[in-house]
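A.B. asks: Attaching a single structure in C-alpha cells format; questions to follow.
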Amino acid sequence: MPRIRRELYNKEICACSIFGAMNRNGERFTGEGVMLAIANMHVRGNGLGGGFAAYGIYPHYEDYYAFHLMFTGRSLQDKISAKKELDGFLSRNFDVVFDEEIPHRDESTVTDPPLIWRYFVLPKKEGDDAVLADEDYVVSKIMWINTKIENAHVFSSGKNMGCFKGVGYPEDIGEYFMLDELYRAYTWTVHGRFPTNTQAWWGGAHPFSLLDTTVVHNGEISSYGTNRWYLEMYGYACTLQTDTEVIAYAADLLMRRQHLPIEIVAKILAPPIWNAIDRMNDSERRLLTTLRMVYAPLLMNGPFAVIIGQSNRMIGLTDRIRLRPLTAATNGDMFYLSSEEASIRLISPKLDRVWTPNGGEPVIGELNSMRKVLQ
Amino acid sequence: MARAAASQTSIEADHAGDGLAAVEVDATGIQTKELNDRLRELMLSGVRKVNIRNVCGQRYIGTRLYTPEHIKMDIEIFGTPGNDLAAFLYGHKIIVHGNAQDGVGNTMDGGEIVVEGRAGDVLAFSMRGGEIYVRDNCGYRTALHMKEYEDKKPVLVVGGCTQDFLGEYMAGGIVVILNLLGQANKASFIGTGMHGGVIYMRGKVEPHQLGGQVEVSPIDEADRAVLDRYVSRFLERFPEICLSQKEIMQSQFYRLKPKSKRPYSNLYTY
Amino acid sequence: MKSFVFPEFQIIRDEEKCGQCRGCERQCAFGTHTYDPVADRLISDNYKCVGCQRCVIFCPKDAIEVRPTPSFYRPNASWSREKLEDLKKQAETGGVILTGSGNDKPFRIYWDHIVLNASQVTNPSIDPLREPMELRTFLGAKPDLMDISVKDGDVEIKTSLSPNLVVQTPILFSAMSYGAISYNAFRALATAACKSGTYFNTGEGGLPLEMREEFGRCAIVQVASGRFGIDAEYLNCAQAVEIKVGQGAKPGIGGHLPGEKVSAAVAKTRMIPMGTDAISPAPHHDIYSIEDLAMLISALKEATNYEKPISVKIAAVHNFAAIASGIVRAGADIIAIDGLRGGTGTAPKAIRDNVGIPIELAISSLDRRLRNEGIRNKCSIIAAGGIRCSSDVIKAIALGADAVYIGSAALIAMGCTLCQKCFSNKCNWGICTQDPRLSGRLNVDIASQRLSNLLSAWSHEISEMLGGMGINALESLRGNRDHLRGVGLYEWELDVLGIKGAGE
C-alpha cells in the first residue's frame with residue numbers, strides 16, 4: 001500500500017474592501033457606479049486583486065449556463081493547449097450554444113492577463129449522469145475541470161450572471177473588462193484585494209462563485225482547515241487556495257443541496273454565542289443547539305465580512321463578534337453594502353437609512369418579486 | 001475680506017489673525033494625504049478656521065496638526081470623513097455635518113469632536129483627553145481602553161445606543177450613553193476587563209449584558225452633577241434634539257464601575 | 001533464593017533535622033521506616049522503598065530525601081540497569097514482571113514536536129479574558145443532512161437526532177475502575193466531573209448503588225469483557241455506555257484485579273465473591289468478529305431505549321483505523337482510542353512498554369480515514385493515552401479528536417507520583433488501594449477540588465491558546481491541521497500527522 005502523503009496547501013490571506021449594490025426592482029445599471037465606489041476605498045487594497053460579480057447581464061442567454069473560463073500558464077501556447085483540452089471536454093459533456101473571448105481593453109494597466117473566454121452551455125447528460133439534476137451535473141463537471149485540466153479554471157458558472165476578476169486594482173479590472181460600457185446588471189458586488197502573498201494569481205481574486213452563488217470576502221477564516229475537511233467529504237474540491245472558497249461551497253451545500261433558508265444558513269455560519277443561546281426561549285434554543293451541534297465544522301471563525309450574491313438576493317454577513325466592518329444602506333429601491341459608508345455616499349449622497357448590522361445577523365435584500373429588505 | 005472658495009489645485013492662505021472667516025477647502029477627488037497636506041499648510045500659515053466640503057472617505061483628518069506651540073484650529077467637515085478621524089488629536093475642534101466612520105478619536109489626546117449623525121466601530125479607542133459628542137448611535141468596541149491620569153479625563157457622550165463590547169478594558173474617563181433614539185440598548189459584553197473610569201447608562205441593562213468585572217448602581221448626587229454638566233454640553237451641540245435637559249435627567253441613570261483595579265489577579269499561578 | 005537486585009530507591013535522612021515524630025513510619029504502607037526505641041531513631045529499609053515520595057512531602061521537618069539509586073553497574077547502552085534487574089527478578093521468581101501506570105520508555109513524544117499557530121495582523125488574536133471563548137462540545141453521531149422547514153416564522157426540525165453528550169470543556173475523566181482505584185478517589189472523580197460540566201468513566205468495575213442517583217448524570221458506564229456490575233439500572237442511570245474492547249496500556253490482553261484488592265465493597269459492586277481475583281478476559285467472549293460487536297452495540301441501544309450514545313474504546317495499534325471504521329459502521333456513536341502511553345492499575349511490563357502506537361499518530365490517522373470514507377460525522381473521537389497538559393489537549397483537537405480522556409493526569413492531580421506500584425494495594429496516597437487505612441487519607445472534597453482546579457486551569461489555558469490562533473469556538477479547531485507545524489520530525493511522521501514542517 002502506498003505511503004500516505006500529506007497535502008501541502010497554501011492558504012492565501014487577504015485584507016480588502018467589499019461593496020455591493022442592488023436594485024430591488026430588477027432595474028439594471030452599468031458598472032460605473034460600483035467602480036467609483038470601490039476606487040474610493042483604493043487604500044484598502046494593494047493592487048494585487050480585484051473582481052466583480054454582475055447579475056442580469058446576459059438576458060439573451062438567460063436559460064444557458066454562462067461559463068467564464070480562465071486559461072493560465074506561462075506561455076501563450078500553454079493557454080491555448082489548455083483551451084483545446086477544455087473545448088474537447090465541454091463538447092463531450094455540454095451543448096455549447098455560443099462562445100467567445102470576453103471583450104477587454106488591451107490598453108489597460110493590468111499585467112499578464114490569462115486568456116479569458118465565455119461559453120453558453122446546456123448539460124448533455126448521458127448514461128449514469130442522466131439521473132442527476134442539472135445543477136449537480138454542472139457542479140461535478142466544474143470540479144472535474146478545476147482539478148483535472150491543467151491551466152483551466154471555471155470562475156463563473158451561473159445563468160444570466162458572470163464574474164470578472166484578475167490581478168490589479170478593482171477599478172482597473174473593471175476598466176479592462178469594460179464593465180462601465182458593456183454590461184448592465186441589477187446586482188453588482190465588488191472586491192478589492194490586499195493579499196499578503198506577493199505571488200498573486202488571477203484565479204485567486206474574488207469573487208468566488210459556484211453556479212449563481214458568488215462571495216466577496218474581507219477577512220481571514222481561521223477555521224479554514226476544519227471547514228475544508230468537512231466540505232471535501234461532500235465532493236467539493238478546494239483548489240483555489242483561498243479561504244473564501246469554503247464560504248461559497250458552504251452556501252451551495254446548505255442552500256442549494258439542503259434547501260435551508262438563508263436565515264438558518266446565517267445561523268450556521270455565524271451562530272450566536274452559547275451564553276446568548278442558553279438564555280433564549282425553548283424552541284429557539286433547541287434550534288440553535290441543534291444547528292451548532294450538527295454543523296459545528298461549518299462555523300466560520302475568524303474576522304469576516306462577506307457579501308453573498310445570488311440570482312434573486314444580495315446578503316451581507318459578518319462574523320459573530322463583528323471584527324470586520326460592514327455598513328448597510330437603502331435609498332428607495334437601491335440597497336447597498338460596503339466596508340465604508342463614504343463609498344456609498346459617493347454614488348448616492350442621499351440615503352433613507354444607514355446602519356451597521358450586528359455581528360452574525362444577515363442583512364438580506366431580495367428582488368421585490370420576493371420580499372422586502374430584512375434587518 | 002471674504003475669501004474666495006478654493007479651487008482644487010491651489011489654496012491661498014490669508015495672513016495670520018483673521019480668525020473669523022473660515023477658509024473653504026473642496027475635497028472632491030482629493031486623496032487623504034493631499035487633503036491633510038493642505039490642512040497643515042493652512043494651519044502653519046495662520047488659518048484657524050477651515051470648512052472642508054465634499055469629504056468622502058479621506059482618513060486621519062485632523063491628525064497631522066500637532067505643533068509644539070499647541071496651535072488650535074476649528075474644522076468643519078461636510079460629507080462623510082473616512083476612518084480614524086482625528087486620530088491622535090492634539091487640541092483642535094472638529095465638527096462633522098454628517099455620519100462618521102470607524103476609529104473616530106483614536107488615541108485622542110485633547111480637543112473636541114462633534115458628530116451630527118452616527119459613528120462607526122472603535123470610537124474613542126484609547127482616548128486620553130478631550131471630549132467627543134456623537135448625536136446618534138455608534139458601533140462595536142466603543143471607548144476601548146479609554147484612560148485618564150489625575151485631572152486629565154476624557155469624556156464621550158453618545159446620544160443613541162451602542163453595539164457590543166462597550167468600555168472593554170476601560171481604564172479611566174467618563175462615558176455617557178443616552179439611548180435617546182427609542183431603541184433599547186441591547187449591547188452585550190459591556191465593560192469586560194474594565195478596571196478604571198465610569199460609564200453612565202440612561203436606562204436599564206440586564207446583568208447578562210455586563211462583563212464580570214462591572215458593578216452597577218443607581219447614580220448619586222456627585223454622579224448627577226457630572227451628568228448635568230455633560231448632558232447640557234451635549235444638548236448645546238445638537239439643538240435639533242427635541243428633548244430638554246430636564247426631561248432627560250428625569251430618567252433613571254445607572255453607574256457602571258469596575259469592581260477592582262486588578263480584575264484578573266486570581267487567574268495566574270507561579 | 002537470595003535476591004541479586006539492588007534497591008530501586010535510597011532514603012537519605014538528615015538526622016539533625018529529624019525529630020523522631022514517627023510520621024514517616026505511619027505514612028508508609030510498605031514498612032520502609034521503622035522506629036528503633038533503643039536507639040531512638042528511625043531506621044529505613046531501602047529495599048522496601050518504592051519512591052512514592054509520601055514520607056518526604058509529609059515530613060514536618062523536611063528531613064527525608066528519597067532518590068532513585070544510581071546504577072552501580074558498568075554503564076552499558078544496551079544492558080540498562082532496568083533490563084539487567086528485570087532479568088534477575090525473573091530468574092529468581094519465574095514470573096511475569098508486573099507494573100502499573102503508563103509506558104515510561106523514551107518513545108518519541110509527538111506532542112513535544114508540534115507547535116501551534118498564533119494570529120497576527122491579518123487575523124486578530126482574541127483575548128479570552130474579555131471576549132467569549134467557547135469550549136462546549138457535543139460527543140456523538142451527527143446527521144449528514146438536516147431537513148428543516150421554515151413556515152411563517154415557525155421552524156420545524158424534521159430530522160431526528162442521535163443522542164449526544166454535552167461537555168463544557170473537552171476533557172473527560174478516563175476509565176478507572178472502582179477496585180483499581182479506591183472508593184474515595186472514584187467518588188472524587190465523580191464529584192469533580194459533575195461540578196465542572198464533564199463526565200467520568202466508571203471503568204469496568206461498575207458503579208456503586210449509592211452513587212447512582214447523585215452521579216449518574218455525569219457518568220459514562222463501561223461494559224467490559226468481564227461484564228462486572230452490569231444491570232439494567234446501571235446502564236440507564238448513566239449518560240453513555242462504553243464497550244471496552246481494549247486499552248492502550250495492555251492491548252490484546254485482559255485485566256486482572258488481584259484478590260487483595262477485591263474488598264467487600266468492591267465485590268458487591270462487581271457482583272463477584274470477595275477476595276477472588278477479578279479477571280477480565282482478553283476478548284469479549286461474545287465478540288469474535290465485527291458483526292458481533294454490531295450486535296452488542298444494538299443490544300445496548302435497545303437496553304437503554306436509544307437514549308444514550310454508545311461508545312467503543314479500543315487501543316491504538318497498527319491497523320486500528322480500519323477496525324475503527326468498521327466500528328463506526330457497526331453503529332458506535334463515539335470511538336475512544338487509547339494510545340501507547342495509556343495508564344493502568346496492573347499490566348505485564350512487557351506488554352505495557354511494547355504494544356500499541358502513539359496516540360498522536362493514531363488520532364490523525366483515524367480522522368483522515370473516516371473523512372476519506374465520508375463517515376467522520378457519524379462518530380466523535382475521544383483520544384487518551386498520556387495527555388499531560390493543556391497544550392496536548394489542543395494539539396489533539398487540531399489533529400482531529402473531539403475531546404480527550406485524562407487518566408494519569410487526574411490521578412496526579414490527586415497526589416499520584418507515578419511510582420508504578422498500583423498493583424500492590426499499598427498506595428500511600430490512598431488512590432489505588434482498597435485498604436481503608438490508606439484510602440481514608442484521600443479526602444473526597446479536597447481531592448475533587450484539586451480535580452476541578454485542574455480542569456479549570458487547563459480550560460483557561462486552552463482558551464488562551466485558541467484566542468491566540470484567532471479562534472473563539474473549539475469546533476473551528478477540530479481537524480484544522482493548518483494551525484500546527486512539526487519541528488524535528490521525519491517526513492513520514494509529518495505525512496502521517498498530516499501537518500507541515502515549521503517554516504513550510
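Lettering and numbering for the C-alpha cells are positional, with chains as A, B, ... in the shown order, residues counted from 1 in each chain, and ligands counted from 1 in the shown order.
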Using only C-alpha atoms, find each residue of chain C with at least one atom at most 9 Å away from an atom of chain A; report its shortest atom-to-atom pair and that distance in Å (one decimal), sort the rows by chain and rising residue number, and return the result as JSON lines.
C.D. replies:
```
{"residue": "C:Ser119", "atom": "CA", "partner": "A:Ser222", "partner_atom": "CA", "distance": 8.7}
{"residue": "C:Thr122", "atom": "CA", "partner": "A:Ala15", "partner_atom": "CA", "distance": 6.8}
{"residue": "C:Asn123", "atom": "CA", "partner": "A:Glu220", "partner_atom": "CA", "distance": 5.9}
{"residue": "C:Pro124", "atom": "CA", "partner": "A:Pro303", "partner_atom": "CA", "distance": 7.5}
{"residue": "C:Ser125", "atom": "CA", "partner": "A:Gly302", "partner_atom": "CA", "distance": 8.9}
{"residue": "C:Glu131", "atom": "CA", "partner": "A:Ile321", "partner_atom": "CA", "distance": 8.7}
{"residue": "C:Pro132", "atom": "CA", "partner": "A:Ile273", "partner_atom": "CA", "distance": 7.4}
{"residue": "C:Met133", "atom": "CA", "partner": "A:Ile273", "partner_atom": "CA", "distance": 8.8}
{"residue": "C:Glu134", "atom": "CA", "partner": "A:Trp274", "partner_atom": "CA", "distance": 7.3}
{"residue": "C:Arg136", "atom": "CA", "partner": "A:Trp274", "partner_atom": "CA", "distance": 8.2}
{"residue": "C:Thr137", "atom": "CA", "partner": "A:Met293", "partner_atom": "CA", "distance": 7.9}
{"residue": "C:Phe138", "atom": "CA", "partner": "A:Met293", "partner_atom": "CA", "distance": 6.2}
{"residue": "C:Leu139", "atom": "CA", "partner": "A:Met293", "partner_atom": "CA", "distance": 9.0}
{"residue": "C:Ala141", "atom": "CA", "partner": "A:Val294", "partner_atom": "CA", "distance": 8.7}
{"residue": "C:Lys142", "atom": "CA", "partner": "A:Val294", "partner_atom": "CA", "distance": 5.4}
{"residue": "C:Pro143", "atom": "CA", "partner": "A:Val294", "partner_atom": "CA", "distance": 6.7}
{"residue": "C:Asp144", "atom": "CA", "partner": "A:Val294", "partner_atom": "CA", "distance": 8.0}
{"residue": "C:Leu145", "atom": "CA", "partner": "A:Gln258", "partner_atom": "CA", "distance": 6.8}
{"residue": "C:Met146", "atom": "CA", "partner": "A:Gln258", "partner_atom": "CA", "distance": 7.2}
{"residue": "C:Asp147", "atom": "CA", "partner": "A:Gln258", "partner_atom": "CA", "distance": 7.3}
{"residue": "C:Ile148", "atom": "CA", "partner": "A:Leu260", "partner_atom": "CA", "distance": 6.7}
{"residue": "C:Ser149", "atom": "CA", "partner": "A:Leu260", "partner_atom": "CA", "distance": 7.5}
{"residue": "C:Val150", "atom": "CA", "partner": "A:Pro261", "partner_atom": "CA", "distance": 7.5}
{"residue": "C:Val155", "atom": "CA", "partner": "A:Leu287", "partner_atom": "CA", "distance": 7.9}
{"residue": "C:Glu156", "atom": "CA", "partner": "A:Leu287", "partner_atom": "CA", "distance": 8.5}
{"residue": "C:Ile157", "atom": "CA", "partner": "A:Leu287", "partner_atom": "CA", "distance": 7.5}
{"residue": "C:Leu161", "atom": "CA", "partner": "A:Thr290", "partner_atom": "CA", "distance": 8.4}
{"residue": "C:Asn164", "atom": "CA", "partner": "A:Met293", "partner_atom": "CA", "distance": 9.0}
{"residue": "C:Arg371", "atom": "CA", "partner": "A:Met233", "partner_atom": "CA", "distance": 6.3}
{"residue": "C:Asn372", "atom": "CA", "partner": "A:Met233", "partner_atom": "CA", "distance": 7.0}
{"residue": "C:Glu373", "atom": "CA", "partner": "A:Met233", "partner_atom": "CA", "distance": 7.9}
{"residue": "C:Gly374", "atom": "CA", "partner": "A:Met233", "partner_atom": "CA", "distance": 5.2}
{"residue": "C:Ile375", "atom": "CA", "partner": "A:Met233", "partner_atom": "CA", "distance": 8.3}
{"residue": "C:Arg376", "atom": "CA", "partner": "A:Met233", "partner_atom": "CA", "distance": 8.5}
{"residue": "C:Asn377", "atom": "CA", "partner": "A:Val294", "partner_atom": "CA", "distance": 8.4}
{"residue": "C:Ala398", "atom": "CA", "partner": "A:Thr226", "partner_atom": "CA", "distance": 8.8}
{"residue": "C:Met469", "atom": "CA", "partner": "A:Ser222", "partner_atom": "CA", "distance": 7.5}
{"residue": "C:Gly470", "atom": "CA", "partner": "A:Gly302", "partner_atom": "CA", "distance": 5.8}
{"residue": "C:Ile471", "atom": "CA", "partner": "A:Asn301", "partner_atom": "CA", "distance": 5.8}
{"residue": "C:Asn472", "atom": "CA", "partner": "A:Asn301", "partner_atom": "CA", "distance": 7.0}
{"residue": "C:Ala473", "atom": "CA", "partner": "A:Asn301", "partner_atom": "CA", "distance": 7.4}
{"residue": "C:Glu475", "atom": "CA", "partner": "A:Ala296", "partner_atom": "CA", "distance": 5.6}
{"residue": "C:Ser476", "atom": "CA", "partner": "A:Ser223", "partner_atom": "CA", "distance": 4.7}
{"residue": "C:Leu477", "atom": "CA", "partner": "A:Ser223", "partner_atom": "CA", "distance": 6.2}
{"residue": "C:Arg478", "atom": "CA", "partner": "A:Thr226", "partner_atom": "CA", "distance": 6.1}
{"residue": "C:Gly479", "atom": "CA", "partner": "A:Thr226", "partner_atom": "CA", "distance": 5.5}
{"residue": "C:Asn480", "atom": "CA", "partner": "A:Gly225", "partner_atom": "CA", "distance": 4.3}
{"residue": "C:Arg481", "atom": "CA", "partner": "A:Gly225", "partner_atom": "CA", "distance": 6.3}
{"residue": "C:Asp482", "atom": "CA", "partner": "A:Gly225", "partner_atom": "CA", "distance": 5.8}
{"residue": "C:His483", "atom": "CA", "partner": "A:Gly225", "partner_atom": "CA", "distance": 8.2}
{"residue": "C:Trp492", "atom": "CA", "partner": "A:Arg5", "partner_atom": "CA", "distance": 8.0}
{"residue": "C:Leu494", "atom": "CA", "partner": "A:Arg6", "partner_atom": "CA", "distance": 7.2}
{"residue": "C:Asp495", "atom": "CA", "partner": "A:Arg6", "partner_atom": "CA", "distance": 4.6}
{"residue": "C:Val496", "atom": "CA", "partner": "A:Ile4", "partner_atom": "CA", "distance": 6.8}
{"residue": "C:Leu497", "atom": "CA", "partner": "A:Arg6", "partner_atom": "CA", "distance": 7.9}
{"residue": "C:Gly498", "atom": "CA", "partner": "A:Arg6", "partner_atom": "CA", "distance": 4.8}
{"residue": "C:Ile499", "atom": "CA", "partner": "A:Arg6", "partner_atom": "CA", "distance": 6.8}
{"residue": "C:Lys500", "atom": "CA", "partner": "A:Leu8", "partner_atom": "CA", "distance": 6.7}
{"residue": "C:Glu504", "atom": "CA", "partner": "A:Leu8", "partner_atom": "CA", "distance": 8.4}
```
A.B. asks: May I have all residues of range 35-205 of chain B that DSSP, computed from the backbone, assigns to strand (DSSP E or B), given as a ChimeraX atom specification?
C.D. replies: /B:49-56,74-80,90-97,110-115,131-134,149,152,155-158,171-177,190,196-202
A.B. asks: Export, as a compact mmCIF listing (two decimals), in the first residue's frame, the selected residues with N, CA and C atoms.
C.D. replies:
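Listed below is the output, result17.txt:
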```txt
# COMPACT_ATOMS: atom_id res chain seq x y z
N LYS B 49 -9.60 78.62 11.06
CA LYS B 49 -10.92 78.01 10.84
C LYS B 49 -10.97 77.48 9.42
N VAL B 50 -11.38 76.25 9.25
CA VAL B 50 -11.45 75.64 7.92
C VAL B 50 -12.79 74.94 7.76
N ASN B 51 -13.41 75.10 6.57
CA ASN B 51 -14.56 74.26 6.23
C ASN B 51 -14.13 73.34 5.10
N ILE B 52 -14.28 72.06 5.27
CA ILE B 52 -13.92 71.12 4.21
C ILE B 52 -15.21 70.57 3.62
N ARG B 53 -15.40 70.80 2.31
CA ARG B 53 -16.65 70.36 1.66
C ARG B 53 -16.42 69.07 0.88
N ASN B 54 -17.49 68.34 0.60
CA ASN B 54 -17.44 67.14 -0.26
C ASN B 54 -16.44 66.11 0.23
N VAL B 55 -16.37 65.96 1.55
CA VAL B 55 -15.47 64.95 2.09
C VAL B 55 -16.08 63.58 1.84
N CYS B 56 -15.27 62.66 1.34
CA CYS B 56 -15.81 61.33 1.06
C CYS B 56 -14.75 60.27 1.31
N ASP B 74 -10.29 75.28 14.33
CA ASP B 74 -11.67 74.80 14.27
C ASP B 74 -11.91 74.27 12.87
N ILE B 75 -12.33 73.04 12.75
CA ILE B 75 -12.52 72.44 11.43
C ILE B 75 -13.96 71.95 11.33
N GLU B 76 -14.61 72.32 10.21
CA GLU B 76 -15.96 71.77 9.99
C GLU B 76 -15.93 70.90 8.75
N ILE B 77 -16.46 69.72 8.87
CA ILE B 77 -16.41 68.74 7.78
C ILE B 77 -17.82 68.53 7.24
N PHE B 78 -17.96 68.69 5.92
CA PHE B 78 -19.25 68.46 5.26
C PHE B 78 -19.09 67.23 4.38
N GLY B 79 -19.85 66.17 4.70
CA GLY B 79 -19.69 64.94 3.92
C GLY B 79 -19.45 63.79 4.88
N THR B 80 -18.79 62.74 4.43
CA THR B 80 -18.52 61.57 5.26
C THR B 80 -17.01 61.40 5.39
N TYR B 90 -4.74 66.64 18.90
CA TYR B 90 -3.98 67.31 19.95
C TYR B 90 -4.58 68.66 20.31
N GLY B 91 -5.87 68.77 20.40
CA GLY B 91 -6.44 70.00 20.95
C GLY B 91 -7.35 70.76 20.01
N HIS B 92 -7.56 70.29 18.79
CA HIS B 92 -8.40 71.05 17.86
C HIS B 92 -9.86 70.70 18.07
N LYS B 93 -10.71 71.50 17.37
CA LYS B 93 -12.15 71.21 17.47
C LYS B 93 -12.64 70.83 16.08
N ILE B 94 -13.34 69.71 16.01
CA ILE B 94 -13.82 69.22 14.71
C ILE B 94 -15.31 68.97 14.79
N ILE B 95 -16.04 69.52 13.80
CA ILE B 95 -17.48 69.23 13.74
C ILE B 95 -17.75 68.51 12.43
N VAL B 96 -18.44 67.38 12.50
CA VAL B 96 -18.80 66.62 11.29
C VAL B 96 -20.29 66.84 11.03
N HIS B 97 -20.61 67.42 9.86
CA HIS B 97 -22.02 67.59 9.50
C HIS B 97 -22.41 66.38 8.67
N GLY B 110 -6.58 65.46 23.19
CA GLY B 110 -7.26 66.66 23.69
C GLY B 110 -8.00 67.31 22.55
N GLY B 111 -8.98 68.18 22.89
CA GLY B 111 -9.74 68.85 21.83
C GLY B 111 -11.17 68.40 21.89
N GLU B 112 -11.91 68.62 20.80
CA GLU B 112 -13.32 68.26 20.82
C GLU B 112 -13.77 67.77 19.46
N ILE B 113 -14.58 66.74 19.44
CA ILE B 113 -15.16 66.23 18.19
C ILE B 113 -16.66 66.18 18.36
N VAL B 114 -17.36 66.72 17.36
CA VAL B 114 -18.83 66.65 17.40
C VAL B 114 -19.29 65.99 16.11
N VAL B 115 -20.13 64.95 16.21
CA VAL B 115 -20.61 64.25 15.02
C VAL B 115 -22.13 64.38 14.96
N GLU B 131 -13.02 65.82 24.51
CA GLU B 131 -14.43 65.42 24.56
C GLU B 131 -14.92 65.04 23.18
N ILE B 132 -15.77 64.02 23.14
CA ILE B 132 -16.41 63.62 21.88
C ILE B 132 -17.91 63.55 22.11
N TYR B 133 -18.67 64.15 21.18
CA TYR B 133 -20.14 64.10 21.26
C TYR B 133 -20.67 63.50 19.97
N VAL B 134 -21.37 62.39 20.07
CA VAL B 134 -21.97 61.76 18.90
C VAL B 134 -23.48 61.80 19.07
N TYR B 149 -5.58 60.33 33.67
CA TYR B 149 -4.48 60.49 34.61
C TYR B 149 -4.70 61.76 35.39
N LYS B 152 -6.65 64.77 34.03
CA LYS B 152 -6.85 64.69 32.57
C LYS B 152 -7.81 63.53 32.30
N VAL B 155 -13.89 62.51 27.91
CA VAL B 155 -15.34 62.34 28.05
C VAL B 155 -15.94 61.99 26.70
N LEU B 156 -16.82 61.00 26.68
CA LEU B 156 -17.54 60.62 25.46
C LEU B 156 -19.02 60.62 25.77
N VAL B 157 -19.81 61.32 24.95
CA VAL B 157 -21.27 61.28 25.13
C VAL B 157 -21.89 60.80 23.83
N VAL B 158 -22.68 59.74 23.91
CA VAL B 158 -23.35 59.18 22.73
C VAL B 158 -24.85 59.34 22.90
N ALA B 171 -9.90 52.01 31.33
CA ALA B 171 -9.01 52.28 32.44
C ALA B 171 -9.21 53.67 33.03
N GLY B 172 -10.15 54.44 32.48
CA GLY B 172 -10.36 55.78 33.02
C GLY B 172 -11.32 56.53 32.11
N GLY B 173 -11.71 57.74 32.53
CA GLY B 173 -12.56 58.57 31.69
C GLY B 173 -14.04 58.39 31.99
N ILE B 174 -14.85 59.18 31.28
CA ILE B 174 -16.30 59.16 31.53
C ILE B 174 -17.02 58.89 30.22
N VAL B 175 -17.88 57.93 30.20
CA VAL B 175 -18.70 57.63 29.02
C VAL B 175 -20.16 57.78 29.42
N VAL B 176 -20.93 58.51 28.60
CA VAL B 176 -22.36 58.68 28.87
C VAL B 176 -23.13 58.16 27.67
N ILE B 177 -24.00 57.20 27.89
CA ILE B 177 -24.82 56.66 26.80
C ILE B 177 -26.26 57.06 27.07
N ILE B 190 -20.56 44.43 27.96
CA ILE B 190 -20.25 45.81 28.36
C ILE B 190 -19.23 45.76 29.47
N GLY B 196 -11.06 50.80 35.40
CA GLY B 196 -11.00 52.21 35.79
C GLY B 196 -12.11 52.94 35.05
N GLY B 197 -12.34 54.22 35.44
CA GLY B 197 -13.31 55.02 34.71
C GLY B 197 -14.74 54.69 35.09
N VAL B 198 -15.69 55.32 34.40
CA VAL B 198 -17.10 55.10 34.73
C VAL B 198 -17.95 55.24 33.47
N ILE B 199 -19.00 54.44 33.38
CA ILE B 199 -19.97 54.54 32.29
C ILE B 199 -21.31 54.90 32.90
N TYR B 200 -21.92 55.96 32.39
CA TYR B 200 -23.27 56.30 32.83
C TYR B 200 -24.24 55.86 31.75
N MET B 201 -25.20 55.02 32.13
CA MET B 201 -26.14 54.47 31.16
C MET B 201 -27.52 54.99 31.47
N ARG B 202 -28.17 55.57 30.45
CA ARG B 202 -29.55 56.00 30.68
C ARG B 202 -30.44 54.83 30.35
```
A.B. asks: May I ask you to extract the residues of chain B within 12 Å of chain A, using only C-alpha atoms, and to give them as a count of residues only?
C.D. replies: 49
A.B. asks: Based on the backbone DSSP call, show me all residues of range 386-486 of chain C assigned alpha helix (DSSP H), as a ChimeraX atom specification.
C.D. replies: /C:390-399,408-414,436-439,444-468
A.B. asks: Could you list the residues in chain B lying within 8 Å of chain C, using only C-alpha atoms, and format the result as a list in words?
C.D. replies: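 Here they are: Glu168, Tyr169, Phe189, Thr192, Gly193 and Gly211 of chain B.
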A.B. asks: CA of Arg255 in chain B and CA of His195 in chain B, how far apart in Å?
C.D. replies: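 Separation of CA of His195 in chain B and CA of Arg255 in chain B: 14.2 Å.
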A.B. asks: Give me, please, the distance in Å between CA of Arg388 in chain C and CA of Pro258 in chain C, quoted to one decimal.
C.D. replies: 28.3 Å
A.B. asks: Rank nothing, just name the residue among A:Ile145, A:Trp117, A:Phe52, A:Ala185 nearest to Asp99 in chain A, using only C-alpha atoms.
C.D. replies: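 Using only C-alpha atoms, Asp99 in chain A sits closest to A:Trp117.
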